$ cat final_36.cif   # mmCIF, C-alpha atoms
data_final
loop_
_atom_site.label_atom_id
_atom_site.label_comp_id
_atom_site.auth_asym_id
_atom_site.auth_seq_id
_atom_site.Cartn_x
_atom_site.Cartn_y
_atom_site.Cartn_z
CA MET A 19 -19.24 -12.90 18.21
CA MET A 20 -20.45 -10.64 15.40
CA ASN A 21 -21.87 -8.15 17.92
CA LYS A 22 -18.43 -7.80 19.53
CA HIS A 23 -16.93 -6.95 16.17
CA ILE A 24 -19.67 -4.45 15.37
CA ASN A 25 -19.38 -2.80 18.80
CA TRP A 26 -15.60 -2.51 18.43
CA LEU A 27 -15.93 -1.04 14.94
CA CYS A 28 -18.54 1.50 16.05
CA SER A 29 -16.37 2.51 19.00
CA PHE A 30 -13.33 2.87 16.76
CA MET A 31 -15.17 4.92 14.15
CA THR A 32 -16.63 7.22 16.81
CA ASP A 33 -13.11 8.41 17.64
CA PHE A 34 -11.74 8.10 14.09
CA GLY A 35 -11.43 11.84 13.45
CA LYS A 36 -9.60 12.56 16.69
CA ARG A 37 -7.25 9.63 16.14
CA LEU A 38 -6.58 10.65 12.56
CA ALA A 39 -5.75 14.24 13.56
CA THR A 40 -3.47 13.04 16.36
CA LEU A 41 -1.58 10.63 14.11
CA ARG A 42 -1.34 13.15 11.26
CA LYS A 43 0.09 15.81 13.56
CA ALA A 44 2.50 13.32 15.17
CA ARG A 45 3.90 12.67 11.70
CA GLN A 46 4.03 16.42 11.08
CA LEU A 47 1.75 16.25 8.06
CA THR A 48 -0.70 18.90 6.96
CA GLN A 49 -4.18 17.90 5.87
CA ILE A 50 -3.15 18.67 2.30
CA GLU A 51 -0.07 16.44 2.53
CA LEU A 52 -2.12 13.56 3.96
CA ALA A 53 -4.76 14.02 1.28
CA ASN A 54 -2.07 13.88 -1.41
CA LEU A 55 -0.69 10.65 0.08
CA LEU A 56 -4.18 9.12 0.08
CA ASP A 57 -5.08 10.56 -3.34
CA ILE A 58 -8.21 12.26 -1.99
CA GLN A 59 -9.46 15.84 -1.78
CA PRO A 60 -7.94 17.80 1.15
CA ARG A 61 -11.40 18.83 2.37
CA MET A 62 -12.19 15.14 2.99
CA VAL A 63 -9.39 14.90 5.56
CA GLY A 64 -10.87 17.90 7.36
CA ARG A 65 -14.35 16.41 7.26
CA TRP A 66 -13.01 13.12 8.68
CA GLU A 67 -11.14 14.92 11.46
CA GLN A 68 -14.19 17.03 12.37
CA GLY A 69 -16.36 13.93 12.53
CA GLN A 70 -18.65 15.15 9.75
CA VAL A 71 -18.13 11.91 7.81
CA THR A 72 -16.20 8.68 8.23
CA PRO A 73 -14.53 6.66 5.51
CA ALA A 74 -16.49 3.71 4.17
CA CYS A 75 -15.31 0.37 5.53
CA GLY A 76 -14.41 -0.75 2.03
CA TRP A 77 -12.36 2.37 1.31
CA GLN A 78 -8.80 1.73 0.23
CA SER A 79 -6.03 3.97 -0.94
CA PRO A 80 -5.21 3.49 -4.63
CA ALA A 81 -2.11 1.36 -5.19
#
$ encode --input "final_36.cif" --output "structure tokens"
Amino acid sequence: MMNKHINWLCSFMTDFGKRLATLRKARQLTQIELANLLDIQPRMVGRWEQGQVTPACGWQSPA
């Protein structure tokens, strides 16, 4: 059961950047606007979208 979860998570994270870019553009947000909403540096959004890094599983947006 745990392997299924891990496989799903790995598969999801592999495409994370492409999915993020698609969703961001569908909502007509720039990388800067999304970064401001998430309270992160704009370059991090770009790095996520390019697949250079992925957010940590425990990452959460500040309240």
$ atom_distance --input "final_36.cif" --atom1 "atom CA of Ile58 of chain A" --atom2 "atom CA of Ala39 of chain A"
15.9 Å
$ atom_distance --input "final_36.cif" --atom1 "atom CA of Lys43 of chain A" --atom2 "atom CA of Val63 of chain A"
12.4 Å
$ atom_distance --input "final_36.cif" --atom1 "atom CA of Asp33 of chain A" --atom2 "atom CA of Thr48 of chain A"
19.4 Å
$ resolve_selection --input "final_36.cif" --expression "the PyMOL selection byres ((chain A and resi 49) around 10)" --output "ChimeraX atom specification"
/A:39,42-43,46-48,50-55,59-64,67
$ axis_aligned_box --input "final_36.cif" --around "segment 36-47 of chain A" --padding-each-side "5 Å" --output "JSON"
{"center_x": -2.8, "center_y": 13.0, "center_z": 12.4, "size_x": 23.6, "size_y": 16.8, "size_z": 18.6}
$ residues_around --input "final_36.cif" --residues "Gly35 of chain A" --least-positions-apart "4" --cutoff "6 Å" --atoms "only C-alpha atoms" --output "PyMOL selection string"
chain A and resi 66-69
$ write_last_selection --input "final_36.cif" --atoms "C-alpha atoms" --output "short mmCIF file (atom, residue, chain, number, x, y, z; two decimals), in the frame of the given file"
data_model
loop_
_atom_site.label_atom_id
_atom_site.label_comp_id
_atom_site.auth_asym_id
_atom_site.auth_seq_id
_atom_site.Cartn_x
_atom_site.Cartn_y
_atom_site.Cartn_z
CA TRP A 66 -13.01 13.12 8.68
CA GLU A 67 -11.14 14.92 11.46
CA GLN A 68 -14.19 17.03 12.37
CA GLY A 69 -16.36 13.93 12.53
#
